[in-house]
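Below: query.txt (compact mmCIF, C-alpha atoms)
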# COMPACT_ATOMS: atom_id res chain seq x y z
CA MET F 989 65.02 23.79 130.32
CA GLN F 990 68.23 23.32 132.29
CA ILE F 991 68.98 23.79 135.97
CA ILE F 992 72.33 25.52 136.44
CA SER F 993 74.07 24.34 139.58
CA ALA F 994 75.23 26.87 142.16
CA ASP F 995 78.89 26.09 141.42
CA ASP F 996 78.40 26.48 137.67
CA ARG F 997 76.59 29.78 138.16
CA LEU F 998 79.39 31.14 140.34
CA ARG F 999 81.99 30.13 137.73
CA GLU F 1000 79.98 31.65 134.90
CA ARG F 1001 81.31 34.85 133.32
CA ARG F 1002 78.85 37.71 133.90
CA GLY F 1003 79.34 41.12 132.35
CA ALA F 1004 77.87 44.36 133.67
CA LYS F 1005 75.31 46.41 131.77
CA VAL F 1006 76.10 50.04 132.50
CA LEU F 1007 74.66 53.41 131.48
CA ILE F 1008 76.95 56.40 132.02
CA VAL F 1009 75.39 59.83 131.57
CA GLY F 1010 77.06 63.21 131.74
CA PRO F 1011 77.15 66.63 130.12
CA PRO F 1012 79.01 67.18 126.83
CA GLY F 1013 82.73 67.61 127.40
CA VAL F 1014 82.98 65.78 130.71
CA GLY F 1015 85.06 63.00 129.12
CA LYS F 1016 82.64 60.12 128.54
CA THR F 1017 84.25 58.98 125.28
CA SER F 1018 87.72 59.28 126.84
CA LEU F 1019 86.73 56.48 129.24
CA LEU F 1020 87.83 54.16 126.42
CA ARG F 1021 91.39 54.94 127.49
CA THR F 1022 90.83 53.06 130.74
CA LEU F 1023 89.91 49.81 128.95
CA ASP F 1024 92.15 47.13 127.46
CA PRO F 1025 91.88 48.06 123.75
CA ALA F 1026 92.55 44.47 122.69
CA ARG F 1027 89.45 43.32 124.60
CA ALA F 1028 87.04 46.16 123.77
CA LEU F 1029 84.80 47.11 120.85
CA PHE F 1030 83.90 50.75 120.20
CA ILE F 1031 80.47 51.31 118.62
CA ASP F 1032 80.82 54.83 117.20
CA ILE F 1033 77.49 56.46 116.37
CA GLU F 1034 78.27 60.10 117.10
CA ALA F 1035 81.44 60.31 114.94
CA GLY F 1036 82.90 62.00 118.00
CA ASP F 1037 86.09 60.00 118.42
CA LEU F 1038 88.55 62.92 118.25
CA ALA F 1039 89.49 62.41 121.91
CA VAL F 1040 90.51 58.78 121.29
CA LEU F 1041 92.05 58.93 117.81
CA ASP F 1042 95.28 57.41 119.15
CA VAL F 1043 93.59 54.52 120.97
CA PRO F 1044 94.18 51.24 119.05
CA ILE F 1045 90.67 49.85 119.46
CA ALA F 1046 88.42 47.91 117.07
CA THR F 1047 85.56 50.12 115.92
CA ILE F 1048 82.20 49.72 114.20
CA ARG F 1049 80.57 52.89 112.87
CA LEU F 1050 76.78 53.03 112.66
CA ASP F 1051 74.71 55.54 110.74
CA ASP F 1052 71.40 53.72 110.15
CA TRP F 1053 68.94 51.79 112.29
CA PRO F 1054 68.72 48.48 110.33
CA THR F 1055 72.49 48.02 110.67
CA ALA F 1056 72.24 48.77 114.40
CA ARG F 1057 69.64 46.00 114.75
CA ASP F 1058 71.80 43.56 112.80
CA LEU F 1059 74.77 44.34 115.03
CA ALA F 1060 72.74 43.83 118.23
CA CYS F 1061 71.54 40.48 116.88
CA ARG F 1062 75.10 39.33 116.16
CA ILE F 1063 76.26 40.36 119.65
CA GLY F 1064 73.29 39.17 121.70
CA GLY F 1065 72.62 35.98 119.74
CA PRO F 1066 69.32 34.59 118.42
CA ASN F 1067 66.16 34.92 120.49
CA ARG F 1068 64.03 31.81 120.03
CA SER F 1069 60.88 33.56 121.28
CA PHE F 1070 60.62 35.56 118.02
CA PRO F 1071 59.02 34.24 114.82
CA PRO F 1072 61.24 33.85 111.74
CA SER F 1073 59.97 37.12 110.25
CA ALA F 1074 60.98 39.20 113.32
CA CYS F 1075 64.23 40.94 114.16
CA TYR F 1076 66.53 39.05 116.54
CA SER F 1077 64.98 35.68 115.63
CA PRO F 1078 67.21 32.69 114.73
CA ALA F 1079 66.38 33.40 111.06
CA HIS F 1080 67.56 37.01 111.41
CA TYR F 1081 70.72 35.84 113.22
CA ASP F 1082 71.57 33.39 110.42
CA ALA F 1083 70.74 35.92 107.68
CA VAL F 1084 73.18 38.53 109.02
CA GLY F 1085 76.07 36.09 109.40
CA GLY F 1086 75.69 34.70 112.92
CA LYS F 1087 78.10 35.58 115.72
CA LEU F 1088 80.09 38.76 115.19
CA GLU F 1089 83.64 38.15 114.05
CA ASN F 1090 86.11 37.82 116.96
CA LEU F 1091 83.29 38.30 119.48
CA ASP F 1092 84.87 35.74 121.84
CA GLN F 1093 87.88 38.05 122.25
CA ILE F 1094 85.69 41.04 123.17
CA GLU F 1095 85.12 41.71 126.86
CA THR F 1096 83.50 45.16 126.72
CA VAL F 1097 81.22 46.74 124.11
CA PHE F 1098 81.25 50.55 124.41
CA VAL F 1099 78.26 52.26 122.75
CA ASP F 1100 78.73 55.98 122.09
CA SER F 1101 76.06 57.11 122.43
CA LEU F 1102 72.57 56.10 123.48
CA THR F 1103 71.45 59.64 122.66
CA ALA F 1104 72.66 59.26 119.06
CA ILE F 1105 71.27 55.74 118.56
CA SER F 1106 67.84 56.93 119.71
CA ARG F 1107 67.90 59.49 116.89
CA LEU F 1108 68.69 56.80 114.33
CA SER F 1109 65.80 54.71 115.59
CA HIS F 1110 63.36 57.63 115.55
CA ARG F 1111 64.45 58.73 112.06
CA TRP F 1112 63.82 55.18 110.79
CA ALA F 1113 60.46 54.94 112.59
CA GLU F 1114 59.25 58.18 110.99
CA GLN F 1115 59.65 56.57 107.55
CA GLN F 1116 57.64 53.41 108.30
CA PRO F 1117 53.97 52.85 107.32
CA GLU F 1118 52.99 52.90 110.99
CA ALA F 1119 54.02 56.56 111.12
CA THR F 1120 51.38 57.51 108.53
CA SER F 1121 47.68 57.81 109.35
CA GLU F 1122 45.57 55.38 107.30
CA ARG F 1123 42.63 57.75 107.54
CA THR F 1124 44.27 61.02 106.47
CA GLY F 1125 47.52 59.89 104.87
CA ARG F 1126 49.37 62.43 107.00
CA LYS F 1127 52.28 61.91 109.37
CA ASP F 1128 51.21 60.21 112.62
CA VAL F 1129 53.57 61.49 115.30
CA ARG F 1130 52.20 59.17 118.00
CA GLY F 1131 52.59 56.16 115.72
CA ALA F 1132 56.20 57.09 114.96
CA TYR F 1133 57.11 57.55 118.61
CA GLY F 1134 55.32 54.34 119.60
CA LEU F 1135 57.27 52.33 117.02
CA HIS F 1136 60.51 54.05 117.98
CA GLY F 1137 59.98 53.26 121.66
CA ARG F 1138 59.34 49.58 120.99
CA GLU F 1139 62.36 49.34 118.69
CA MET F 1140 64.68 50.91 121.25
CA ILE F 1141 63.56 48.63 124.08
CA LEU F 1142 63.95 45.53 121.91
CA TRP F 1143 67.44 46.69 120.87
CA LEU F 1144 68.50 47.31 124.46
CA ASN F 1145 67.07 43.95 125.59
CA GLN F 1146 68.96 42.21 122.81
CA LEU F 1147 72.29 43.63 124.01
CA GLN F 1148 71.31 42.88 127.60
CA HIS F 1149 71.22 39.19 126.66
CA ALA F 1150 74.95 39.22 125.84
CA ARG F 1151 75.41 37.83 129.33
CA ALA F 1152 79.17 37.37 129.32
CA LYS F 1153 79.93 40.85 127.94
CA ASN F 1154 80.19 44.22 129.60
CA ILE F 1155 77.86 46.51 127.66
CA VAL F 1156 78.51 50.18 128.36
CA PHE F 1157 76.16 52.84 127.02
CA VAL F 1158 77.04 56.50 127.32
CA GLY F 1159 74.53 59.31 126.90
CA VAL F 1160 74.08 63.04 127.30
CA LEU F 1161 72.69 64.24 130.64
CA GLU F 1162 70.30 67.17 130.43
CA ARG F 1163 68.65 69.37 133.06
CA ASN F 1164 64.92 69.98 132.72
CA VAL F 1165 62.84 72.50 134.64
CA ASP F 1166 59.08 71.88 134.83
CA ASP F 1167 56.20 74.35 135.11
CA PHE F 1168 56.61 74.41 138.89
CA ASN F 1169 60.29 75.39 138.58
CA VAL F 1170 61.42 71.94 139.77
CA ALA F 1171 64.65 70.84 138.10
CA THR F 1172 65.41 67.21 137.26
CA TRP F 1173 68.25 65.47 135.44
CA GLN F 1174 67.58 62.88 132.76
CA LEU F 1175 69.01 61.14 129.73
CA GLN F 1176 68.77 63.12 126.51
CA ALA F 1177 67.04 60.79 124.05
CA GLU F 1178 64.20 60.79 121.55
CA GLY F 1179 60.89 59.87 123.20
CA ALA F 1180 60.11 59.12 126.83
CA LYS F 1181 59.77 55.31 126.79
CA THR F 1182 63.49 54.55 126.63
CA GLY F 1183 64.31 56.74 129.61
CA ARG F 1184 61.46 55.26 131.66
CA GLU F 1185 62.38 51.63 131.04
CA LEU F 1186 66.18 51.84 131.11
CA PRO F 1187 66.47 51.43 134.90
CA GLY F 1188 64.89 48.00 134.56
CA ILE F 1189 67.29 46.96 131.79
CA VAL F 1190 70.76 48.06 132.90
CA ASP F 1191 72.51 47.02 136.11
CA GLN F 1192 74.12 50.36 136.80
CA ILE F 1193 73.23 53.97 136.09
CA ILE F 1194 76.15 56.30 136.74
CA THR F 1195 76.41 60.05 136.37
CA MET F 1196 79.83 61.34 135.31
CA GLN F 1197 80.13 64.96 136.36
CA PHE F 1198 82.32 67.68 137.80
CA LEU F 1199 81.47 67.55 141.50
CA ASP F 1200 81.54 70.51 143.87
CA PHE F 1201 81.69 69.48 147.54
CA GLY F 1202 81.25 73.02 148.83
CA ASP F 1203 84.70 73.08 150.43
CA GLY F 1204 86.06 75.97 148.39
CA LYS F 1205 88.19 73.65 146.25
CA PRO F 1206 87.78 73.35 142.46
CA PRO F 1207 85.22 70.74 141.35
CA ILE F 1208 86.63 67.28 140.63
CA ARG F 1209 85.45 64.81 138.03
CA GLY F 1210 83.86 61.65 139.40
CA PHE F 1211 81.28 58.91 139.02
CA VAL F 1212 78.10 59.33 141.09
CA CYS F 1213 76.89 55.76 141.58
CA THR F 1214 74.06 55.75 144.13
CA THR F 1215 70.96 57.68 145.13
CA PRO F 1216 69.98 59.69 147.00
CA ASN F 1217 72.93 62.01 146.43
CA ALA F 1218 73.55 65.68 147.20
CA TRP F 1219 73.19 66.79 143.58
CA GLY F 1220 70.05 64.86 142.61
CA TYR F 1221 71.88 63.08 139.78
CA PRO F 1222 70.41 59.85 138.36
CA ALA F 1223 72.19 56.76 139.69
CA LYS F 1224 71.51 53.11 140.48
CA ASP F 1225 73.75 50.35 141.81
CA ARG F 1226 72.22 46.90 141.42
CA SER F 1227 75.48 45.24 142.48
CA GLY F 1228 75.69 46.90 145.90
CA ARG F 1229 79.48 47.04 145.44
CA LEU F 1230 80.00 50.71 144.65
CA ALA F 1231 80.57 53.70 146.90
CA GLN F 1232 78.49 56.78 146.22
CA ILE F 1233 81.48 58.49 144.54
CA GLU F 1234 83.89 56.40 142.49
CA GLU F 1235 87.02 57.31 140.55
CA PRO F 1236 86.15 58.06 136.89
CA ASP F 1237 88.00 55.00 135.62
CA LEU F 1238 85.72 52.65 133.68
CA GLY F 1239 88.23 49.80 133.63
CA LYS F 1240 88.53 49.75 137.43
CA LEU F 1241 84.78 50.12 137.82
CA LEU F 1242 84.04 47.08 135.63
CA ILE F 1243 86.55 44.98 137.56
CA LYS F 1244 84.87 45.97 140.80
CA LEU F 1245 81.43 45.09 139.41
CA THR F 1246 82.25 41.71 137.89
CA THR F 1247 84.92 40.16 140.13
CA THR F 1248 83.38 37.65 142.53
CA THR F 1249 85.99 37.30 145.31
CA GLN F 1250 88.42 39.65 147.02
CA GLY F 1251 91.35 37.49 145.90
CA ASP F 1252 90.22 37.68 142.29
CA LEU F 1253 89.67 41.43 142.67
CA ASP F 1254 93.21 41.96 144.00
CA HIS F 1255 94.65 39.86 141.16
CA ALA F 1256 92.60 41.63 138.46
CA THR F 1257 93.59 45.05 139.80
CA ALA F 1258 97.27 44.12 140.00
CA THR F 1259 97.39 42.76 136.44
CA ARG F 1260 95.30 45.48 134.82
Let's see the structure in the file written out as C-alpha cells.
Amino acid sequence: MQIISADDRLRERRGAKVLIVGPPGVGKTSLLRTLDPARALFIDIEAGDLAVLDVPIATIRLDDWPTARDLACRIGGPNRSFPPSACYSPAHYDAVGGKLENLDQIETVFVDSLTAISRLSHRWAEQQPEATSERTGRKDVRGAYGLHGREMILWLNQLQHARAKNIVFVGVLERNVDDFNVATWQLQAEGAKTGRELPGIVDQIITMQFLDFGDGKPPIRGFVCTTPNAWGYPAKDRSGRLAQIEEPDLGKLLIKLTTTTQGDLDHATATR
C-alpha cells in the first residue's frame, strides 16, 4: 500500500474513459480523424473502417472473444486480485506476452464498437458448459447470458484500469418503445447487464446525433454531454468540464477532459 502525495497525483497522467453512442451513419468511426494517428490505436471489431481507410493509424482487428480478453489484459496490465487460473491475472498477463507492443506511445485506444464486442462475448458464452443445462443437456439461455454479462463487465473493468490511457468505446444507439408507449434511448448490446453497469465504469457517456433546435434550420451534428437534455438522450459528465452541447471533435473533447490547468489547455489546443 502506498500513499500518493497530492503533488504526485496532480502530475499523474489520467486518461478519460468515454462511451460515445449514436445511430448508424452519424460518423462515430470518422471521429478517428480528429485524433493524432501516431498516438492512437484503433480496435476494429465491426470491419467497418471504410470511412477511415486513408487514416494512417495502427489497428488491431478482433473477431473472437478469447483474443479480445488477451488484448484487454495486455493494455490494462495484470490484476493481482485474480488467481493464476483466471483471466487478467499476472499468470495470464505473462502468458500472452505482457505489455502490448509500443503501448507507451499510445495515448488513446478507440474501440469500434461496444455493440460488436458484446456479440463476440455472447457467441463465446453460448458455447461454454455453463450455457448447457446439466439436468436436461439442452441450451440454458439464462446461463449463457449470465456468463456473457460477467465477461463483459470484467473486460470493461480491465480496460478501465489502463489509467494513463484514453479509452473510447463507440456503440449503436437504439430507440425502444415499451408497452406504455414510452420511448427511451439506450446502447444496442447483447444482454442487459452491460448497459446497466456501464455508467458506473466510464467517466463520460456522450450521444453523437443530428440535433434539431426547432429554429427552422437544418439539424447539426453534435455531442450531447449532459442530462437532462431536450431530446432525452443518454449522457453523463463525471468531469463537470463539458457544456451540454459540444463540437463533435473527439480530439478536442479529450484535451478538455484531461488537461488540468487553463494554461495547459491553451497550450494543448494550440499545438494540436
* Counting all atoms listed in the file, which of F:Gln1232, F:Gln1192, F:Ser993, F:Thr1047 gets nearest to F:Val1009? ->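 Comparing F:Gln1232, F:Gln1192, F:Ser993, F:Thr1047 against F:Val1009, the winner is F:Gln1192.
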* Enumerate, as a list in words, the protein, DNA and RNA residues whose atoms approach (74.6, 58.5, 132.5) to within 8 Å, taking into account all atoms listed in the file and the coordinate frame of the file. => Leu1007, Ile1008, Val1009, Gly1010, Val1158, Gly1159, Val1160, Leu1161, Leu1175, Ile1193, Ile1194, Thr1195, Met1196, Pro1222 and Ala1223 of chain F
For C-alpha atoms, I'd like the residues from the last selection saved as a PDB file, in the frame of the given file.
ATOM      1  CA  LEU F1007      74.660  53.410 131.480  1.00  0.00           C
ATOM      2  CA  ILE F1008      76.950  56.400 132.020  1.00  0.00           C
ATOM      3  CA  VAL F1009      75.390  59.830 131.570  1.00  0.00           C
ATOM      4  CA  GLY F1010      77.060  63.210 131.740  1.00  0.00           C
ATOM      5  CA  VAL F1158      77.040  56.500 127.320  1.00  0.00           C
ATOM      6  CA  GLY F1159      74.530  59.310 126.900  1.00  0.00           C
ATOM      7  CA  VAL F1160      74.080  63.040 127.300  1.00  0.00           C
ATOM      8  CA  LEU F1161      72.690  64.240 130.640  1.00  0.00           C
ATOM      9  CA  LEU F1175      69.010  61.140 129.730  1.00  0.00           C
ATOM     10  CA  ILE F1193      73.230  53.970 136.090  1.00  0.00           C
ATOM     11  CA  ILE F1194      76.150  56.300 136.740  1.00  0.00           C
ATOM     12  CA  THR F1195      76.410  60.050 136.370  1.00  0.00           C
ATOM     13  CA  MET F1196      79.830  61.340 135.310  1.00  0.00           C
ATOM     14  CA  PRO F1222      70.410  59.850 138.360  1.00  0.00           C
ATOM     15  CA  ALA F1223      72.190  56.760 139.690  1.00  0.00           C
TER      16      ALA F1223
END
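Shell of F:Ile1045 at 12 Å, with all atoms listed in the file counted and residues fewer than 5 places along the chain excluded, is Leu1020, Arg1021, Thr1022, Leu1023, Asp1024, Pro1025, Ala1026, Arg1027, Ala1028, Leu1029, Phe1030, Ile1031, Asp1032, Asp1037, Val1040, Ile1094, Thr1096, Val1097 and Phe1098 of chain F.
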* Asked: Can you list, as a list of chain:residue names, every protein, DNA or RNA residue that comes within 7 Å of stretch 1074-1086 of chain F when you count all atoms listed in the file, leaving out same-chain residues fewer than 6 positions away?
  ->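 In the requested form, the answer reads F:Asp1058, F:Cys1061, F:Arg1062, F:Gly1065, F:Pro1066, F:Asn1067, F:Arg1068.
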Emit the selected residues as a short mmCIF file (atom, residue, chain, number, x, y, z; two decimals), in the frame of the given file, including C-alpha atoms.
data_model
loop_
_atom_site.label_atom_id
_atom_site.label_comp_id
_atom_site.auth_asym_id
_atom_site.auth_seq_id
_atom_site.Cartn_x
_atom_site.Cartn_y
_atom_site.Cartn_z
CA ASP F 1058 71.80 43.56 112.80
CA CYS F 1061 71.54 40.48 116.88
CA ARG F 1062 75.10 39.33 116.16
CA GLY F 1065 72.62 35.98 119.74
CA PRO F 1066 69.32 34.59 118.42
CA ASN F 1067 66.16 34.92 120.49
CA ARG F 1068 64.03 31.81 120.03
#
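For the set F:Ala1150, F:Thr1214, F:Asp1167, F:Ile1155, the residue with the smallest atom-to-atom gap to F:Leu1238 is F:Ile1155, counting only C-alpha atoms.
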* Residue nearest F:Ile1105 - candidates F:Asn1217, F:Thr1182, F:Gln990, F:Ser1121, atoms counted: only C-alpha atoms -> F:Thr1182
* Asked: Using all atoms listed in the file, which of F:Thr1248, F:Val1170, F:Ile1243, F:Ala1039 sits nearest F:Leu1019?
  ->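 Checking each candidate against F:Leu1019, we get F:Ala1039 as the closest.
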* Asked: Once you count all atoms listed in the file, which residues end up no further than 12 Å from (60.7, 47.6, 116.3) in the file's frame, shown as a ChimeraX atom specification?
  -> /F:1053-1054,1056-1057,1074-1076,1109-1110,1112-1114,1116,1118,1131-1146
* Residue nearest F:Glu1162 among F:Pro1011, F:Leu1091, F:Val1212, F:Thr1246 (counting all atoms listed in the file) -> F:Pro1011
* **Pairwise distance for atom CA of F:Trp1173 and atom CA of F:Ser1018, rounded to one decimal in Å** => 22.2 Å
